[in-house]
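Trainee: Questions regarding the structure given below will be posed in turn.
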Amino acid sequence: MAELTPRTKAIKNAEAHASRNLRFQAFDWLPTPIAVVSSDAHVLFVNAELEDVIGQSRRSLEGQSFLQFFTDAKPLQHALSGAKANEFAALRYDSELVRIKPDETLPVHVIVAQSDQADEVIIELLPIQQQTKQDREERLLDQAQANKELIRNLAHEIKNPLGGIRGAAQLLEMEMDSKELTEYTQVIIREADRLQTLVDRLLAPHRRPHVVGDVNIHEVCERVRSLIVSEFPRGLKVARDYDISIPEFRGDREQLIQAVLNIAHNAALALSDRILEGTGTLTFKTRIARQSTFGKQRYRLALELHVIDNGPGVPDSIKDRIFFPLISGREGGSGLGLTLAQTFVQQHHGLIECDSVPGRTDFKILIPLP
């Protein structure tokens, strides 16, 4: 057989390279870093997430030894040898990945699996911090769904007898001549009305239809800002830090106004001491997040809306439960504001996260962008 010329070799290598990239193209949509390597650890393909994590382009990484990107290469060498000898279908272990930009190491959970092609091994890297974040988000989503069902069922169970109690109190009042006894029936009626208002708030997200239109997030922020300023005209500075390049997106404007208002109003109430001192600050900050993962999905673009205050922070005792219904950090609070806000944002396929320390609390709303 005639030996291939250098030009023919280059063409065949380019064709093989293009074919391989086409086969692994779907990996670019995954939110976790993935590499495809040969059995001798040379990189054949890396997805977009791994490019970002390591800090080098796909073109520069291909052909390099993947062993050099780990502080301890021996576990990977052992895994690749085992994959070549068909000793396992998949192998897992923890390691540290060496990043070029930034110059640091990243703790990762490594999953080594055989490919359907000879001399190819697929390596998935789960950043341990990211894995913890994803687990927390999954718990939050599951809890929110459970809370939604609990609230709806509980509200319906309360609503029916409540009307009967109020009606009976009214009939009883009509039969009474004593003003002193009438005071008691008025207490029953007032408390029944208060509970009715609470039930209506619990059922509000499930009753109102989802009205979708074009939403400008800065119009939402400005509406909420005007409401907060009118309620707290002195002692509270409401600042803006907007990225005006954020595009409009499809959503329910009124629901988003209510969600942001609930968060901002809670923040303003938490700032009561600072407002009295004249040092309260509330900031609306918008940014675009690229290649962001939340709600078990990866999005090319997402809106980040931060509502930041300089208050005392969320009490440690309720930090993990602030989105639960009827959990409040202040006396007299209904504990529904954040629950409803999370429900409204989740109806936009988004999520609310909270990062709080004394002196700075940041509620971050994440919503996918087109």
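Chain lettering (A, B, ...) mirrors the order of the structure tokens, residue numbering begins at 1 for each chain separately, and ligand numbering begins at 1 in order of display.
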Residues of segment 153-218 of chain A that have any atom at most 9 Å from an atom of segment 246-268 of chain A: could you tabulate them with the shortest-distance atom pair and the distance in Å to one decimal, using only C-alpha atoms, ordered by chain and increasing number, as a Markdown table?

Mentor:
| residue | atom | partner | partner_atom | distance |
| --- | --- | --- | --- | --- |
| A:Pro205 | CA | A:Gln255 | CA | 8.7 |
| A:His210 | CA | A:Asp252 | CA | 6.3 |
| A:Val211 | CA | A:Asp252 | CA | 5.2 |
| A:Val212 | CA | A:Asp252 | CA | 4.7 |
| A:Gly213 | CA | A:Arg250 | CA | 5.3 |
| A:Asp214 | CA | A:Arg250 | CA | 4.8 |
| A:Val215 | CA | A:Glu248 | CA | 5.3 |
| A:Asn216 | CA | A:Glu248 | CA | 4.9 |
| A:Ile217 | CA | A:Glu248 | CA | 7.2 |
| A:His218 | CA | A:Ile246 | CA | 8.9 |

Trainee: Just the selected residues (C-alpha atoms), exported as a CSV table (one decimal), in the first residue's frame, please.

Mentor:
chain,number,residue,atom,x,y,z
A,205,PRO,CA,-50.7,32.6,42.5
A,210,HIS,CA,-50.4,33.9,33.8
A,211,VAL,CA,-50.5,37.0,31.5
A,212,VAL,CA,-47.5,36.9,29.2
A,213,GLY,CA,-46.1,39.9,27.4
A,214,ASP,CA,-42.9,41.8,26.7
A,215,VAL,CA,-41.1,42.7,29.9
A,216,ASN,CA,-38.5,45.4,30.5
A,217,ILE,CA,-36.9,44.5,33.8
A,218,HIS,CA,-35.8,48.1,34.4

Trainee: For Ser65 of chain A, list every protein, DNA or RNA residue within 12 Å, evaluated using only C-alpha atoms, and leave out those in the same chain fewer than 3 positions away; present the list as a PDB file with N, CA and C atoms, in the first residue's frame.

Mentor:
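See part_33.pdb below for the written result:
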ATOM      1  N   ALA A  35     -14.376  16.104  29.009  1.00  0.00           N
ATOM      2  CA  ALA A  35     -13.270  15.894  28.079  1.00  0.00           C
ATOM      3  C   ALA A  35     -13.373  14.491  27.509  1.00  0.00           C
ATOM      4  N   VAL A  36     -12.995  14.354  26.251  1.00  0.00           N
ATOM      5  CA  VAL A  36     -12.846  13.040  25.632  1.00  0.00           C
ATOM      6  C   VAL A  36     -11.349  12.870  25.365  1.00  0.00           C
ATOM      7  N   VAL A  37     -10.781  11.810  25.912  1.00  0.00           N
ATOM      8  CA  VAL A  37      -9.335  11.609  25.782  1.00  0.00           C
ATOM      9  C   VAL A  37      -9.065  10.215  25.211  1.00  0.00           C
ATOM     10  N   SER A  38      -7.869  10.045  24.696  1.00  0.00           N
ATOM     11  CA  SER A  38      -7.433   8.728  24.242  1.00  0.00           C
ATOM     12  C   SER A  38      -6.989   7.910  25.449  1.00  0.00           C
ATOM     13  N   SER A  39      -6.744   6.644  25.259  1.00  0.00           N
ATOM     14  CA  SER A  39      -6.348   5.788  26.375  1.00  0.00           C
ATOM     15  C   SER A  39      -4.988   6.172  26.949  1.00  0.00           C
ATOM     16  N   ASP A  40      -4.196   6.925  26.172  1.00  0.00           N
ATOM     17  CA  ASP A  40      -2.911   7.411  26.705  1.00  0.00           C
ATOM     18  C   ASP A  40      -3.031   8.850  27.218  1.00  0.00           C
ATOM     19  N   ALA A  41      -4.281   9.307  27.439  1.00  0.00           N
ATOM     20  CA  ALA A  41      -4.589  10.572  28.126  1.00  0.00           C
ATOM     21  C   ALA A  41      -4.461  11.821  27.274  1.00  0.00           C
ATOM     22  N   HIS A  42      -4.279  11.696  25.961  1.00  0.00           N
ATOM     23  CA  HIS A  42      -4.213  12.884  25.123  1.00  0.00           C
ATOM     24  C   HIS A  42      -5.626  13.378  24.799  1.00  0.00           C
ATOM     25  N   VAL A  43      -5.806  14.691  24.865  1.00  0.00           N
ATOM     26  CA  VAL A  43      -7.129  15.295  24.701  1.00  0.00           C
ATOM     27  C   VAL A  43      -7.575  15.208  23.248  1.00  0.00           C
ATOM     28  N   LEU A  44      -8.763  14.655  23.031  1.00  0.00           N
ATOM     29  CA  LEU A  44      -9.362  14.594  21.700  1.00  0.00           C
ATOM     30  C   LEU A  44     -10.435  15.672  21.532  1.00  0.00           C
ATOM     31  N   PHE A  45     -11.117  16.005  22.658  1.00  0.00           N
ATOM     32  CA  PHE A  45     -12.200  16.989  22.597  1.00  0.00           C
ATOM     33  C   PHE A  45     -12.461  17.504  24.010  1.00  0.00           C
ATOM     34  N   SER A  60      -6.326  24.836  21.686  1.00  0.00           N
ATOM     35  CA  SER A  60      -5.029  24.732  22.366  1.00  0.00           C
ATOM     36  C   SER A  60      -4.957  23.506  23.277  1.00  0.00           C
ATOM     37  N   LEU A  61      -6.106  23.033  23.750  1.00  0.00           N
ATOM     38  CA  LEU A  61      -6.106  21.885  24.649  1.00  0.00           C
ATOM     39  C   LEU A  61      -5.983  20.563  23.897  1.00  0.00           C
ATOM     40  N   GLU A  62      -6.541  20.495  22.687  1.00  0.00           N
ATOM     41  CA  GLU A  62      -6.523  19.248  21.940  1.00  0.00           C
ATOM     42  C   GLU A  62      -5.095  18.809  21.646  1.00  0.00           C
ATOM     43  N   GLN A  68      -1.691  16.459  32.946  1.00  0.00           N
ATOM     44  CA  GLN A  68      -1.024  17.644  33.492  1.00  0.00           C
ATOM     45  C   GLN A  68      -1.989  18.598  34.190  1.00  0.00           C
ATOM     46  N   PHE A  69      -3.300  18.389  33.984  1.00  0.00           N
ATOM     47  CA  PHE A  69      -4.280  19.294  34.574  1.00  0.00           C
ATOM     48  C   PHE A  69      -4.796  18.815  35.933  1.00  0.00           C
ATOM     49  N   PHE A  70      -4.099  17.853  36.523  1.00  0.00           N
ATOM     50  CA  PHE A  70      -4.471  17.366  37.848  1.00  0.00           C
ATOM     51  C   PHE A  70      -3.262  17.440  38.774  1.00  0.00           C
ATOM     52  N   ALA A  73      -1.862  12.951  39.180  1.00  0.00           N
ATOM     53  CA  ALA A  73      -2.286  12.313  37.928  1.00  0.00           C
ATOM     54  C   ALA A  73      -2.459  10.806  38.054  1.00  0.00           C
ATOM     55  N   LEU A  76      -6.013   9.158  37.627  1.00  0.00           N
ATOM     56  CA  LEU A  76      -6.497   9.191  36.247  1.00  0.00           C
ATOM     57  C   LEU A  76      -5.751   8.168  35.393  1.00  0.00           C
ATOM     58  N   GLN A  77      -4.441   8.047  35.600  1.00  0.00           N
ATOM     59  CA  GLN A  77      -3.683   7.025  34.871  1.00  0.00           C
ATOM     60  C   GLN A  77      -4.252   5.639  35.140  1.00  0.00           C
TER      61      GLN A  77
END

Trainee: Dump as CSV the rows for residues of segment 262-331 of chain A within 9 Å of segment 338-362 of chain A: closest atom pair and distance in Å with one decimal, only C-alpha atoms counted, ordered by chain and rising residue number.

Mentor:
residue,atom,partner,partner_atom,distance
A:Asn262,CA,A:Ala341,CA,6.5
A:Ile263,CA,A:Leu338,CA,6.5
A:Asn266,CA,A:Leu338,CA,8.4
A:Ala267,CA,A:Thr361,CA,8.3
A:Phe294,CA,A:Leu351,CA,7.3
A:Gly295,CA,A:Leu351,CA,7.0
A:His306,CA,A:Asp362,CA,6.2
A:Val307,CA,A:Asp362,CA,5.7
A:Ile308,CA,A:Asp362,CA,4.4
A:Asp309,CA,A:Thr361,CA,5.4
A:Asn310,CA,A:Arg360,CA,4.5
A:Gly311,CA,A:Gly359,CA,5.1
A:Pro312,CA,A:Pro358,CA,4.7
A:Gly313,CA,A:Pro358,CA,4.6
A:Val314,CA,A:Ser356,CA,6.0
A:Pro315,CA,A:Ser356,CA,8.9
A:Lys319,CA,A:Ser356,CA,8.3
A:Ile322,CA,A:Leu338,CA,7.1
A:Phe323,CA,A:Thr339,CA,4.8
A:Phe324,CA,A:Thr339,CA,5.9
A:Pro325,CA,A:Thr339,CA,5.6
A:Leu326,CA,A:Thr339,CA,8.4
A:Ile327,CA,A:Thr339,CA,8.9

Trainee: Export, as a compact mmCIF listing (two decimals), in the first residue's frame, the selected residues with N, CA and C atoms.

Mentor:
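File produced: out12.txt:
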# COMPACT_ATOMS: atom_id res chain seq x y z
N ASN A 262 -42.13 42.31 46.91
CA ASN A 262 -42.11 41.54 48.16
C ASN A 262 -40.70 41.49 48.75
N ILE A 263 -39.71 41.27 47.88
CA ILE A 263 -38.32 41.20 48.35
C ILE A 263 -37.86 42.57 48.85
N ASN A 266 -39.60 43.62 52.15
CA ASN A 266 -38.99 42.91 53.29
C ASN A 266 -37.66 43.53 53.67
N ALA A 267 -36.86 43.87 52.66
CA ALA A 267 -35.55 44.47 52.91
C ALA A 267 -35.69 45.81 53.60
N PHE A 294 -29.04 26.83 36.48
CA PHE A 294 -29.92 26.84 37.64
C PHE A 294 -31.19 26.10 37.27
N GLY A 295 -31.88 25.62 38.28
CA GLY A 295 -33.10 24.85 38.02
C GLY A 295 -32.84 23.62 37.18
N HIS A 306 -30.39 41.72 41.32
CA HIS A 306 -30.02 41.70 42.72
C HIS A 306 -30.79 42.78 43.47
N VAL A 307 -31.34 42.42 44.61
CA VAL A 307 -31.92 43.39 45.55
C VAL A 307 -31.06 43.31 46.80
N ILE A 308 -30.25 44.34 47.02
CA ILE A 308 -29.21 44.31 48.06
C ILE A 308 -29.51 45.36 49.12
N ASP A 309 -29.41 44.97 50.38
CA ASP A 309 -29.58 45.95 51.47
C ASP A 309 -28.43 45.85 52.45
N ASN A 310 -28.26 46.89 53.24
CA ASN A 310 -27.18 46.92 54.23
C ASN A 310 -27.72 46.73 55.65
N GLY A 311 -28.73 45.89 55.77
CA GLY A 311 -29.36 45.62 57.06
C GLY A 311 -28.63 44.57 57.88
N PRO A 312 -29.28 44.09 58.93
CA PRO A 312 -28.62 43.16 59.86
C PRO A 312 -28.43 41.75 59.32
N GLY A 313 -29.05 41.43 58.19
CA GLY A 313 -28.92 40.09 57.63
C GLY A 313 -30.03 39.17 58.08
N VAL A 314 -30.17 38.07 57.38
CA VAL A 314 -31.20 37.08 57.72
C VAL A 314 -30.73 36.28 58.93
N PRO A 315 -31.57 36.13 59.95
CA PRO A 315 -31.16 35.35 61.13
C PRO A 315 -30.73 33.94 60.75
N LYS A 319 -32.28 30.91 57.97
CA LYS A 319 -31.61 31.08 56.66
C LYS A 319 -32.00 30.00 55.66
N ILE A 322 -36.16 30.45 54.61
CA ILE A 322 -36.80 31.74 54.38
C ILE A 322 -37.85 31.70 53.27
N PHE A 323 -37.77 30.71 52.37
CA PHE A 323 -38.76 30.61 51.31
C PHE A 323 -39.93 29.69 51.68
N PHE A 324 -39.88 29.16 52.90
CA PHE A 324 -40.99 28.33 53.37
C PHE A 324 -42.16 29.24 53.74
N PRO A 325 -43.40 28.76 53.56
CA PRO A 325 -44.54 29.59 53.96
C PRO A 325 -44.60 29.75 55.48
N LEU A 326 -45.07 30.93 55.90
CA LEU A 326 -45.29 31.26 57.30
C LEU A 326 -44.01 31.33 58.12
N ILE A 327 -42.86 31.47 57.44
CA ILE A 327 -41.58 31.68 58.13
C ILE A 327 -41.20 33.14 57.97

Trainee: What's the 9 Å shell around Arg225 of chain A, counting only C-alpha atoms, without same-chain residues fewer than 2 positions away, as a list in words?

Mentor: Val220, Cys221, Glu222, Arg223, Leu227, Ile228, Val229, Ser230, Val238, Ala239, Leu261, Ala264 and Phe284 of chain A

Trainee: Can you write out the residues you just picked, keeping N, CA and C atoms, as an mmCIF file, in the first residue's frame?

Mentor:
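Saved file result.cif follows:
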data_model
loop_
_atom_site.group_PDB
_atom_site.id
_atom_site.type_symbol
_atom_site.label_atom_id
_atom_site.label_comp_id
_atom_site.auth_asym_id
_atom_site.auth_seq_id
_atom_site.Cartn_x
_atom_site.Cartn_y
_atom_site.Cartn_z
ATOM 1 N N VAL A 220 -39.817 47.286 35.564
ATOM 2 C CA VAL A 220 -40.253 46.594 36.781
ATOM 3 C C VAL A 220 -39.547 47.186 38.000
ATOM 4 N N CYS A 221 -38.232 47.348 37.901
ATOM 5 C CA CYS A 221 -37.456 47.888 39.021
ATOM 6 C C CYS A 221 -37.881 49.314 39.364
ATOM 7 N N GLU A 222 -38.117 50.124 38.340
ATOM 8 C CA GLU A 222 -38.510 51.513 38.580
ATOM 9 C C GLU A 222 -39.879 51.606 39.235
ATOM 10 N N ARG A 223 -40.791 50.706 38.842
ATOM 11 C CA ARG A 223 -42.110 50.688 39.478
ATOM 12 C C ARG A 223 -41.968 50.340 40.963
ATOM 13 N N LEU A 227 -42.612 52.734 44.521
ATOM 14 C CA LEU A 227 -43.458 52.322 45.634
ATOM 15 C C LEU A 227 -42.694 52.332 46.955
ATOM 16 N N ILE A 228 -41.455 51.873 46.923
ATOM 17 C CA ILE A 228 -40.642 51.846 48.142
ATOM 18 C C ILE A 228 -40.322 53.265 48.609
ATOM 19 N N VAL A 229 -39.959 54.137 47.673
ATOM 20 C CA VAL A 229 -39.617 55.515 48.031
ATOM 21 C C VAL A 229 -40.827 56.248 48.616
ATOM 22 N N SER A 230 -42.009 55.994 48.076
ATOM 23 C CA SER A 230 -43.203 56.660 48.604
ATOM 24 C C SER A 230 -43.540 56.184 50.009
ATOM 25 N N VAL A 238 -32.382 54.584 47.871
ATOM 26 C CA VAL A 238 -32.655 53.496 46.922
ATOM 27 C C VAL A 238 -31.814 53.740 45.673
ATOM 28 N N ALA A 239 -30.768 52.932 45.507
ATOM 29 C CA ALA A 239 -29.802 53.137 44.421
ATOM 30 C C ALA A 239 -30.098 52.225 43.249
ATOM 31 N N LEU A 261 -41.246 43.491 44.509
ATOM 32 C CA LEU A 261 -41.771 44.329 45.584
ATOM 33 C C LEU A 261 -41.755 43.589 46.916
ATOM 34 N N ALA A 264 -38.118 43.610 48.064
ATOM 35 C CA ALA A 264 -37.669 44.958 48.425
ATOM 36 C C ALA A 264 -38.361 45.460 49.688
ATOM 37 N N PHE A 284 -30.892 48.215 43.609
ATOM 38 C CA PHE A 284 -31.362 47.347 42.524
ATOM 39 C C PHE A 284 -30.239 47.250 41.494
#

Trainee: Considering only C-alpha atoms, can you say which of A:Asp116, A:Ala89, A:Leu67, A:Lys179 comes closest to Arg23 of chain A?

Mentor: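 Of A:Asp116, A:Ala89, A:Leu67, A:Lys179, the one nearest Arg23 of chain A, counting only C-alpha atoms, is A:Asp116.
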
Trainee: Out of segment 18-141 of chain A, which residues get alpha helix (DSSP H) from DSSP, as a ChimeraX atom specification?

Mentor: /A:18-23,48-54,58-61,74-84,128-141

Trainee: Using only C-alpha atoms, which protein or nucleic acid residues come within 8 Å of segment 182-190 of chain A? Drop anything in the same chain fewer than 2 positions from it, and give the result as a ChimeraX atom specification.

Mentor: /A:165-166,169-170,172-173,176-180,192-194

Trainee: Create the file for the chosen residues now, containing N, CA and C atoms and written as a PDB file, in the first residue's frame.

Mentor:
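Output file result.pdb follows:
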ATOM      1  N   ILE A 165     -68.214  29.889  59.639  1.00  0.00           N
ATOM      2  CA  ILE A 165     -68.001  30.527  60.945  1.00  0.00           C
ATOM      3  C   ILE A 165     -68.428  31.995  60.903  1.00  0.00           C
ATOM      4  N   ARG A 166     -68.022  32.700  59.852  1.00  0.00           N
ATOM      5  CA  ARG A 166     -68.373  34.115  59.737  1.00  0.00           C
ATOM      6  C   ARG A 166     -69.882  34.298  59.603  1.00  0.00           C
ATOM      7  N   ALA A 169     -71.634  33.724  62.902  1.00  0.00           N
ATOM      8  CA  ALA A 169     -71.425  34.855  63.810  1.00  0.00           C
ATOM      9  C   ALA A 169     -72.343  36.016  63.451  1.00  0.00           C
ATOM     10  N   GLN A 170     -72.537  36.263  62.168  1.00  0.00           N
ATOM     11  CA  GLN A 170     -73.429  37.338  61.731  1.00  0.00           C
ATOM     12  C   GLN A 170     -74.886  37.044  62.123  1.00  0.00           C
ATOM     13  N   LEU A 172     -75.858  35.093  64.548  1.00  0.00           N
ATOM     14  CA  LEU A 172     -75.928  35.176  66.002  1.00  0.00           C
ATOM     15  C   LEU A 172     -76.028  36.628  66.461  1.00  0.00           C
ATOM     16  N   GLU A 173     -75.295  37.497  65.826  1.00  0.00           N
ATOM     17  CA  GLU A 173     -75.306  38.922  66.179  1.00  0.00           C
ATOM     18  C   GLU A 173     -76.686  39.540  65.968  1.00  0.00           C
ATOM     19  N   MET A 176     -79.012  39.022  68.906  1.00  0.00           N
ATOM     20  CA  MET A 176     -78.587  39.534  70.209  1.00  0.00           C
ATOM     21  C   MET A 176     -79.050  40.978  70.419  1.00  0.00           C
ATOM     22  N   ASP A 177     -79.426  41.260  71.653  1.00  0.00           N
ATOM     23  CA  ASP A 177     -79.796  42.623  72.030  1.00  0.00           C
ATOM     24  C   ASP A 177     -78.686  43.299  72.830  1.00  0.00           C
ATOM     25  N   SER A 178     -77.809  42.490  73.412  1.00  0.00           N
ATOM     26  CA  SER A 178     -76.757  43.034  74.277  1.00  0.00           C
ATOM     27  C   SER A 178     -75.558  43.500  73.447  1.00  0.00           C
ATOM     28  N   LYS A 179     -75.149  44.761  73.666  1.00  0.00           N
ATOM     29  CA  LYS A 179     -73.964  45.285  72.979  1.00  0.00           C
ATOM     30  C   LYS A 179     -72.699  44.560  73.431  1.00  0.00           C
ATOM     31  N   GLU A 180     -72.671  44.167  74.714  1.00  0.00           N
ATOM     32  CA  GLU A 180     -71.483  43.482  75.230  1.00  0.00           C
ATOM     33  C   GLU A 180     -71.271  42.149  74.505  1.00  0.00           C
ATOM     34  N   ALA A 192     -62.254  36.200  61.361  1.00  0.00           N
ATOM     35  CA  ALA A 192     -62.579  35.414  60.165  1.00  0.00           C
ATOM     36  C   ALA A 192     -62.184  36.169  58.902  1.00  0.00           C
ATOM     37  N   ASP A 193     -62.407  37.495  58.891  1.00  0.00           N
ATOM     38  CA  ASP A 193     -62.011  38.314  57.738  1.00  0.00           C
ATOM     39  C   ASP A 193     -60.493  38.334  57.580  1.00  0.00           C
ATOM     40  N   ARG A 194     -59.792  38.405  58.723  1.00  0.00           N
ATOM     41  CA  ARG A 194     -58.322  38.409  58.658  1.00  0.00           C
ATOM     42  C   ARG A 194     -57.800  37.094  58.082  1.00  0.00           C
TER      43      ARG A 194
END

Trainee: Any idea what's packed within 7 Å of segment 53-57 of chain A, counting only C-alpha atoms, ignoring anything in its chain fewer than 4 positions away? Could you give it as an mmCIF file with N, CA and C atoms, in the first residue's frame?

Mentor:
data_model
loop_
_atom_site.group_PDB
_atom_site.id
_atom_site.type_symbol
_atom_site.label_atom_id
_atom_site.label_comp_id
_atom_site.auth_asym_id
_atom_site.auth_seq_id
_atom_site.Cartn_x
_atom_site.Cartn_y
_atom_site.Cartn_z
ATOM 1 N N GLU A 49 -17.790 24.224 28.477
ATOM 2 C CA GLU A 49 -17.691 24.449 29.923
ATOM 3 C C GLU A 49 -16.281 24.167 30.424
ATOM 4 N N LEU A 61 -6.106 23.033 23.750
ATOM 5 C CA LEU A 61 -6.106 21.885 24.649
ATOM 6 C C LEU A 61 -5.983 20.563 23.897
ATOM 7 N N ARG A 99 -6.163 24.873 37.062
ATOM 8 C CA ARG A 99 -6.706 25.853 36.122
ATOM 9 C C ARG A 99 -5.591 26.786 35.666
ATOM 10 N N ILE A 100 -5.661 27.193 34.405
ATOM 11 C CA ILE A 100 -4.663 28.120 33.865
ATOM 12 C C ILE A 100 -5.068 29.552 34.183
ATOM 13 N N LYS A 101 -6.316 29.888 33.884
ATOM 14 C CA LYS A 101 -6.853 31.210 34.192
ATOM 15 C C LYS A 101 -8.204 31.030 34.880
#
